[in-house]
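Q: So that you have it, the file is run_17.cif, and it contains mmCIF, C-alpha atoms:
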```cif
data_input
#
loop_
_atom_site.label_atom_id
_atom_site.label_comp_id
_atom_site.auth_asym_id
_atom_site.auth_seq_id
_atom_site.Cartn_x
_atom_site.Cartn_y
_atom_site.Cartn_z
CA MET M 1 41.92 10.62 20.91
CA LYS M 2 39.31 8.56 22.73
CA TRP M 3 36.82 11.42 22.40
CA LEU M 4 37.45 11.61 18.63
CA LYS M 5 37.01 7.84 18.31
CA ARG M 6 33.66 7.94 20.08
CA LYS M 7 32.53 10.74 17.75
CA GLN M 8 33.43 8.68 14.70
CA ASP M 9 31.59 5.62 16.02
CA GLU M 10 28.42 7.61 16.59
CA GLN M 11 25.97 7.42 13.68
CA PRO M 12 22.77 9.46 13.31
CA GLN M 13 19.74 7.34 14.13
CA LEU M 14 16.61 7.63 12.01
CA SER M 15 13.36 8.39 13.80
CA LEU M 16 10.89 5.52 14.19
CA ASP M 17 8.50 7.18 11.73
CA GLN M 18 11.26 7.49 9.13
CA GLN M 19 12.25 3.83 9.65
CA ARG M 20 8.62 2.80 9.12
CA ALA M 21 8.28 4.95 5.98
CA ASP M 22 11.51 3.57 4.45
CA LYS M 23 10.66 -0.05 5.25
CA LEU M 24 7.05 0.35 3.98
CA ALA M 25 8.36 1.72 0.67
CA GLU M 26 10.75 -1.25 0.35
CA LEU M 27 8.14 -3.91 1.22
CA GLY M 28 5.46 -2.23 -0.92
CA ALA M 29 7.74 -2.26 -3.97
CA GLN M 30 8.38 -6.00 -3.48
CA LEU M 31 4.65 -6.74 -3.18
CA TRP M 32 3.88 -4.60 -6.26
CA ALA M 33 6.55 -6.39 -8.32
CA SER M 34 5.30 -9.82 -7.20
CA ARG M 35 1.69 -8.92 -8.07
CA GLN M 36 2.74 -7.71 -11.51
CA GLU M 37 4.70 -10.93 -12.15
CA LYS M 38 1.61 -12.98 -11.30
CA GLY M 39 -0.56 -10.79 -13.57
CA LEU M 40 -3.01 -9.89 -10.77
CA SER M 41 -4.89 -6.58 -10.58
CA LEU M 42 -5.70 -4.72 -7.35
CA GLU M 43 -9.36 -5.67 -7.74
CA GLU M 44 -8.42 -9.36 -7.77
CA MET M 45 -6.24 -8.85 -4.66
CA VAL M 46 -9.21 -7.21 -2.90
CA ALA M 47 -11.31 -10.32 -3.59
CA ILE M 48 -8.52 -12.60 -2.30
CA THR M 49 -7.45 -10.68 0.82
CA ARG M 50 -10.75 -8.93 1.74
CA ILE M 51 -8.67 -5.77 2.25
CA PRO M 52 -10.04 -2.46 0.81
CA ARG M 53 -8.39 -1.34 -2.43
CA ARG M 54 -7.20 2.00 -1.00
CA LEU M 55 -5.19 0.21 1.73
CA LEU M 56 -3.56 -2.21 -0.73
CA GLN M 57 -2.66 0.72 -2.97
CA ALA M 58 -1.24 2.72 -0.04
CA ILE M 59 0.98 -0.25 0.96
CA GLU M 60 2.33 -0.64 -2.59
CA GLU M 61 3.04 3.09 -2.89
CA GLY M 62 4.61 3.28 0.60
CA ASN M 63 2.06 5.93 1.63
CA LEU M 64 2.19 5.78 5.44
CA ASN M 65 -0.26 8.67 5.90
CA ASP M 66 -3.17 6.75 4.30
CA LEU M 67 -2.75 3.70 6.56
CA PRO M 68 -3.92 2.97 10.16
CA GLU M 69 -1.76 2.36 13.26
CA PRO M 70 1.60 0.54 12.72
CA ILE M 71 0.42 -2.72 14.32
CA TYR M 72 -2.54 -2.84 11.89
CA ILE M 73 -0.21 -2.03 8.98
CA GLN M 74 1.90 -5.05 9.94
CA GLY M 75 -1.20 -7.27 9.89
CA LEU M 76 -2.29 -5.94 6.48
CA ILE M 77 1.20 -6.55 5.05
CA ARG M 78 1.07 -10.13 6.40
CA GLN M 79 -2.26 -10.85 4.64
CA PHE M 80 -1.07 -9.21 1.41
CA ALA M 81 2.19 -11.20 1.45
CA ASP M 82 0.41 -14.51 2.22
CA ALA M 83 -1.89 -13.98 -0.78
CA LEU M 84 1.14 -13.56 -3.07
CA GLY M 85 2.90 -16.71 -1.81
CA PHE M 86 5.33 -15.15 0.69
CA ASN M 87 5.77 -16.23 4.32
CA GLY M 88 3.48 -13.51 5.65
CA VAL M 89 4.66 -13.63 9.28
CA GLU M 90 8.33 -13.43 8.34
CA PHE M 91 7.74 -10.83 5.62
CA SER M 92 5.64 -8.49 7.80
CA SER M 93 8.04 -8.76 10.76
CA GLN M 94 10.46 -6.54 8.81
CA PHE M 95 8.08 -3.59 9.32
CA PRO M 96 9.04 -1.87 12.62
CA VAL M 97 6.17 -1.56 15.08
CA VAL M 98 7.99 -0.83 18.36
CA SER M 99 11.11 1.30 18.76
CA GLU M 100 14.35 -0.65 19.31
CA GLN M 101 14.99 1.42 22.44
CA LYS M 102 11.71 0.26 23.94
CA LYS M 103 12.74 -3.36 23.43
CA LEU M 104 15.77 -2.94 25.74
CA GLN M 105 15.25 -4.41 29.19
CA PRO M 106 15.57 -1.78 31.96
CA VAL M 107 18.10 -2.46 34.72
CA GLY M 108 16.57 -4.34 37.64
CA GLU M 109 13.37 -5.36 35.80
CA SER M 110 12.30 -8.98 36.03
CA PRO M 111 13.24 -10.90 32.80
CA SER M 112 9.88 -12.70 32.72
CA ILE M 113 7.92 -9.42 32.74
CA SER M 114 10.03 -7.81 29.98
CA LEU M 115 9.60 -10.88 27.74
CA LEU M 116 5.95 -11.70 28.32
CA ARG M 117 4.46 -8.23 28.14
CA PRO M 118 5.32 -7.45 24.45
CA ILE M 119 4.26 -10.95 23.38
CA HIS M 120 0.86 -10.57 25.04
CA LEU M 121 0.31 -7.17 23.41
CA TYR M 122 1.35 -8.49 20.01
CA LEU M 123 -1.06 -11.43 20.23
CA LEU M 124 -3.85 -9.09 21.34
CA TYR M 125 -3.23 -6.78 18.36
CA ILE M 126 -3.22 -9.71 15.94
CA LEU M 127 -6.52 -10.93 17.42
CA VAL M 128 -8.07 -7.47 16.99
CA ILE M 129 -6.92 -7.32 13.35
CA VAL M 130 -8.33 -10.76 12.53
CA CYS M 131 -11.66 -9.95 14.20
CA SER M 132 -11.92 -6.59 12.38
CA VAL M 133 -11.22 -8.08 8.95
CA SER M 134 -13.57 -11.01 9.55
CA GLY M 135 -16.34 -8.70 10.74
CA LEU M 136 -16.01 -6.42 7.71
CA SER M 137 -16.01 -9.40 5.36
CA GLN M 138 -19.13 -10.86 7.02
CA LEU M 139 -20.92 -7.49 6.81
CA LEU M 140 -20.21 -7.16 3.07
CA ASN M 141 -21.24 -10.77 2.40
CA ASN M 142 -24.50 -10.34 4.31
CA ALA M 143 -25.30 -7.14 2.41
CA ALA M 144 -24.67 -8.89 -0.93
CA LEU M 145 -26.85 -11.87 0.05
CA ARG M 146 -29.71 -9.60 1.14
CA ALA M 147 -29.51 -7.68 -2.14
CA ASN M 148 -29.68 -10.93 -4.17
CA ASP M 149 -32.57 -12.36 -2.13
CA ASN M 150 -34.59 -9.17 -2.40
CA GLU M 151 -34.62 -9.24 -6.22
CA ASN M 152 -37.59 -11.67 -5.97
CA THR M 153 -39.48 -9.53 -3.39
CA PRO M 154 -40.05 -6.00 -4.83
CA GLN M 155 -42.00 -4.73 -1.80
CA ILE M 156 -39.20 -5.49 0.68
CA ASN M 157 -36.40 -4.55 -1.74
CA LYS M 158 -36.63 -0.77 -1.20
CA GLU M 159 -36.55 -0.97 2.60
CA THR M 160 -33.70 -3.49 2.73
CA VAL M 161 -31.54 -1.61 0.21
CA ALA M 162 -32.20 1.66 2.05
CA ASP M 163 -31.13 0.12 5.38
CA SER M 164 -27.95 -1.38 3.91
CA GLN M 165 -27.07 1.91 2.20
CA GLN M 166 -27.55 3.82 5.48
CA LYS M 167 -25.23 1.36 7.30
CA LEU M 168 -22.56 1.66 4.62
CA ILE M 169 -22.79 5.47 4.60
CA LYS M 170 -22.43 5.61 8.38
CA THR M 171 -19.40 3.34 8.45
CA GLU M 172 -17.58 4.89 5.48
CA PRO M 173 -15.11 7.61 6.61
CA VAL M 174 -15.40 11.06 5.03
CA SER M 175 -11.81 10.79 3.79
CA ASP M 176 -12.76 7.66 1.76
CA ARG M 177 -15.54 9.48 -0.03
CA ILE M 178 -13.28 12.43 -0.84
CA THR M 179 -10.60 10.07 -2.17
CA LYS M 180 -13.13 8.27 -4.40
CA GLU M 181 -14.37 11.59 -5.78
CA LYS M 182 -10.82 12.67 -6.59
CA ASN M 183 -10.07 9.36 -8.30
CA ASN M 184 -13.17 9.47 -10.52
CA GLN M 185 -11.35 11.58 -13.13
CA SER M 186 -7.64 10.89 -12.72
CA VAL M 187 -4.95 8.72 -14.26
CA GLN M 188 -2.05 6.91 -12.61
CA ILE M 189 1.00 5.17 -14.03
CA GLY M 190 3.61 3.03 -12.31
CA VAL M 191 6.98 2.18 -13.85
CA THR M 192 9.50 -0.52 -12.91
CA LEU M 193 12.96 -0.42 -14.48
CA LYS M 194 14.23 -3.72 -15.93
CA ALA M 195 17.35 -1.84 -17.03
CA SER M 196 18.78 1.60 -16.35
CA SER M 197 16.90 4.07 -18.59
CA TRP M 198 16.32 7.77 -19.11
CA ILE M 199 12.69 8.80 -18.42
CA ARG M 200 10.67 12.01 -18.63
CA VAL M 201 7.19 12.24 -17.07
CA ILE M 202 4.80 15.15 -17.77
CA ALA M 203 1.60 15.41 -15.67
CA ASP M 204 -1.09 17.88 -16.82
CA GLY M 205 1.50 19.83 -18.82
CA LYS M 206 4.06 20.01 -15.98
CA THR M 207 7.32 18.03 -15.98
CA GLU M 208 7.24 15.89 -12.84
CA PHE M 209 10.49 13.98 -13.48
CA GLU M 210 13.32 13.89 -16.01
CA GLY M 211 16.47 11.83 -15.54
CA THR M 212 18.02 8.37 -15.51
CA LEU M 213 16.60 5.75 -13.13
CA PRO M 214 18.65 2.66 -12.14
CA GLU M 215 17.54 -0.94 -12.65
CA GLY M 216 14.96 -2.16 -10.10
CA THR M 217 13.49 1.32 -9.44
CA HIS M 218 9.69 1.55 -8.97
CA ARG M 219 7.97 4.94 -9.23
CA VAL M 220 4.32 6.10 -9.37
CA TRP M 221 2.88 9.33 -10.86
CA LYS M 222 -0.67 10.70 -10.99
CA ALA M 223 -2.48 13.39 -13.00
CA GLN M 224 -5.98 14.77 -13.24
CA GLU M 225 -6.13 15.06 -17.05
CA GLN M 226 -3.15 13.52 -18.88
CA LEU M 227 0.20 11.78 -18.28
CA THR M 228 3.00 11.61 -20.86
CA VAL M 229 5.89 9.15 -20.44
CA LYS M 230 8.96 9.22 -22.71
CA THR M 231 12.04 6.96 -22.53
CA ASN M 232 15.12 6.15 -24.60
CA ASN M 233 14.99 2.43 -23.73
CA ALA M 234 11.39 1.25 -24.13
CA GLY M 235 12.22 -2.43 -23.62
CA GLY M 236 13.80 -1.71 -20.22
CA VAL M 237 10.68 -0.04 -18.76
CA LEU M 238 7.60 -1.89 -17.45
CA MET M 239 4.59 0.44 -17.23
CA SER M 240 1.17 -0.14 -15.65
CA VAL M 241 -1.85 2.14 -16.12
CA ASN M 242 -4.31 2.57 -13.22
CA GLN M 243 -2.95 -0.48 -11.36
CA GLN M 244 -3.42 -2.82 -14.33
CA ALA M 245 -0.88 -5.47 -15.35
CA ALA M 246 2.48 -3.94 -16.33
CA LYS M 247 3.74 -4.15 -19.92
CA GLU M 248 6.95 -3.19 -21.68
CA MET M 249 6.79 0.21 -23.39
CA GLY M 250 8.50 -1.14 -26.53
CA GLU M 251 11.73 -2.71 -27.77
CA LEU M 252 15.14 -2.52 -26.06
CA GLY M 253 17.16 0.54 -27.06
CA GLU M 254 14.22 2.22 -28.84
CA GLU M 255 12.85 5.66 -27.98
CA GLU M 256 9.13 5.67 -27.12
CA GLU M 257 6.60 8.26 -25.93
CA ILE M 258 3.17 7.30 -24.55
CA LYS M 259 0.31 9.68 -23.66
CA ILE M 260 -2.48 8.54 -21.34
CA ALA M 261 -5.65 10.62 -20.84
CA ALA M 262 -7.80 10.36 -17.72
CA GLN M 263 -11.24 8.78 -18.09
CA PRO M 264 -14.11 8.98 -15.57
CA GLU M 265 -14.96 5.72 -13.82
CA LEU M 266 -18.29 4.18 -14.82
#
```
Can you turn what I pasted into structure tokens?
A:
Amino acid sequence: MKWLKRKQDEQPQLSLDQQRADKLAELGAQLWASRQEKGLSLEEMVAITRIPRRLLQAIEEGNLNDLPEPIYIQGLIRQFADALGFNGVEFSSQFPVVSEQKKLQPVGESPSISLLRPIHLYLLYILVIVCSVSGLSQLLNNAALRANDNENTPQINKETVADSQQKLIKTEPVSDRITKEKNNQSVQIGVTLKASSWIRVIADGKTEFEGTLPEGTHRVWKAQEQLTVKTNNAGGVLMSVNQQAAKEMGELGEEEEIKIAAQPEL
């Protein structure tokens, strides 16, 4: 009987990566909903937080693969949350950085060592994040100032612009350029359910989803050419196109179908 009781008490533990992915999806949905309520676009959030657009978008979509190391993710979440009026430190602390097993104090280890060591590492990581963001912001500001100053000096303009372009090309990862090229001719929609509603989403002629989503659900779909969204409760569905402010699809209880074609970025 004791053996059976221990078996019942045991519960499968999620891996650390799965815990991070689940928590990132939860926090990202909260940040997305808060940004939509305030009527702010991703471009405006980039100007406020000095965080690249692709990282803000990855946080909102819960895309762990497009983000850096967990400790940096926690710092980005803190800045994002602060900009939207949350308590950034408290909000970002929900994202797991270190495994719970690693936090346990080994038998015989000095209490002072087990307590001080993680705190020192955490402070060091935060310092690195702050320095990295500040350095990137200063670099972009300096490049913009040089470009504005050189408008009155045509002879120096070519050399200065060429130097700044070479620096930006060297520091921009290949993956960023590929992502930008893919996004030049694509369309993205995000939906948030104010009330339980039936939804069908067709991307480039293929049905990506069809079913009933509960209240509070947030989902994102992408397509290269066209997205079609149909619902039987237009007033219960908030829809945003290409990260713009979300709007209701129509009136409560009414059936509505919206088609959105991709347009190349100018």
Q: Got a sec: who's within 7 Å of segment 53-67 of chain M, counting all atoms listed in the file, leaving out chain neighbours fewer than 4 positions off, as a list in words?
A: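 Those residues are Ala21, Leu24, Ala25, Gly28, Ala29, Leu31, Trp32, Leu42, Glu43, Val46 and Ile73 of chain M.
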Q: Using all atoms listed in the file, determine which residues lie at most 9 Å from Asp204 of chain M, disregarding the query and same-chain residues fewer than 4 positions distant; provide the list as a list of chain:residue names.
A: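 Listing them by chain and then by number gives M:Ala223, M:Gln224, M:Glu225, M:Gln226, M:Leu227, M:Thr228.
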Q: Would you kindly identify which residues have an atom no farther than 12 Å from (16.5, 4.5, -10.4), using all atoms listed in the file and the file's own coordinates, and write them out as a compact mmCIF listing (two decimals) with C-alpha atoms, in the frame of the given file?
A:
```txt
# COMPACT_ATOMS: atom_id res chain seq x y z
CA VAL M 191 6.98 2.18 -13.85
CA THR M 192 9.50 -0.52 -12.91
CA LEU M 193 12.96 -0.42 -14.48
CA LYS M 194 14.23 -3.72 -15.93
CA ALA M 195 17.35 -1.84 -17.03
CA SER M 196 18.78 1.60 -16.35
CA SER M 197 16.90 4.07 -18.59
CA TRP M 198 16.32 7.77 -19.11
CA ILE M 199 12.69 8.80 -18.42
CA PHE M 209 10.49 13.98 -13.48
CA GLU M 210 13.32 13.89 -16.01
CA GLY M 211 16.47 11.83 -15.54
CA THR M 212 18.02 8.37 -15.51
CA LEU M 213 16.60 5.75 -13.13
CA PRO M 214 18.65 2.66 -12.14
CA GLU M 215 17.54 -0.94 -12.65
CA GLY M 216 14.96 -2.16 -10.10
CA THR M 217 13.49 1.32 -9.44
CA HIS M 218 9.69 1.55 -8.97
CA ARG M 219 7.97 4.94 -9.23
CA GLY M 236 13.80 -1.71 -20.22
CA VAL M 237 10.68 -0.04 -18.76
```
Q: Mind checking which residues fall within 10 Å of Glu208 of chain M, counting only C-alpha atoms, ignoring those fewer than 5 positions away in the same chain, and posting them as a PyMOL selection string?
A: chain M and resi 200-203+221-222+227
Q: Can you translate the PyMOL selection byres ((chain M and resi 248) around 8) into the concrete residues it hits in this file, as a PDB file with C-alpha atoms, in the frame of the given file?
A:
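This is the output file selection.pdb:
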```pdb
ATOM      1  CA  ALA M 234      11.390   1.250 -24.130  1.00  0.00           C
ATOM      2  CA  GLY M 235      12.220  -2.430 -23.620  1.00  0.00           C
ATOM      3  CA  GLY M 236      13.800  -1.710 -20.220  1.00  0.00           C
ATOM      4  CA  VAL M 237      10.680  -0.040 -18.760  1.00  0.00           C
ATOM      5  CA  LEU M 238       7.600  -1.890 -17.450  1.00  0.00           C
ATOM      6  CA  MET M 239       4.590   0.440 -17.230  1.00  0.00           C
ATOM      7  CA  ALA M 246       2.480  -3.940 -16.330  1.00  0.00           C
ATOM      8  CA  LYS M 247       3.740  -4.150 -19.920  1.00  0.00           C
ATOM      9  CA  MET M 249       6.790   0.210 -23.390  1.00  0.00           C
ATOM     10  CA  GLY M 250       8.500  -1.140 -26.530  1.00  0.00           C
ATOM     11  CA  GLU M 251      11.730  -2.710 -27.770  1.00  0.00           C
TER      12      GLU M 251
END
```
Q: State, in Å with one decimal place, the distance from atom CA of Pro96 of chain M to atom CA of Tyr125 of chain M.
A: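 Separating atom CA of Pro96 of chain M from atom CA of Tyr125 of chain M is a distance of 14.4 Å.
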Q: Would you please work out which residue, of M:Leu84, M:Ala47, M:Val229, M:Ile189, is nearest to Glu256 of chain M when using all atoms listed in the file?
A: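 Closest to Glu256 of chain M, using all atoms listed in the file: M:Val229.
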Q: If the PyMOL selection byres ((chain M and resi 78) around 10) were run on this exact file, what residues would it hold? Put them as a JSON list (two decimals) with C-alpha atoms, in the coordinates of the input.
A:
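Saved the output as expr08.json:
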```json
[["chain", "number", "residue", "atom", "x", "y", "z"],
["M", 72, "TYR", "CA", -2.54, -2.84, 11.89],
["M", 73, "ILE", "CA", -0.21, -2.03, 8.98],
["M", 74, "GLN", "CA", 1.90, -5.05, 9.94],
["M", 75, "GLY", "CA", -1.20, -7.27, 9.89],
["M", 76, "LEU", "CA", -2.29, -5.94, 6.48],
["M", 77, "ILE", "CA", 1.20, -6.55, 5.05],
["M", 79, "GLN", "CA", -2.26, -10.85, 4.64],
["M", 80, "PHE", "CA", -1.07, -9.21, 1.41],
["M", 81, "ALA", "CA", 2.19, -11.20, 1.45],
["M", 82, "ASP", "CA", 0.41, -14.51, 2.22],
["M", 83, "ALA", "CA", -1.89, -13.98, -0.78],
["M", 86, "PHE", "CA", 5.33, -15.15, 0.69],
["M", 87, "ASN", "CA", 5.77, -16.23, 4.32],
["M", 88, "GLY", "CA", 3.48, -13.51, 5.65],
["M", 89, "VAL", "CA", 4.66, -13.63, 9.28],
["M", 90, "GLU", "CA", 8.33, -13.43, 8.34],
["M", 91, "PHE", "CA", 7.74, -10.83, 5.62],
["M", 92, "SER", "CA", 5.64, -8.49, 7.80],
["M", 93, "SER", "CA", 8.04, -8.76, 10.76]]
```
Q: For atom CA of Ala262 of chain M and atom CA of Gln188 of chain M, determine how far apart the two atoms are, in Å to one decimal place.
A: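 Answer for the atom CA of Ala262 of chain M to atom CA of Gln188 of chain M separation: 8.4 Å.
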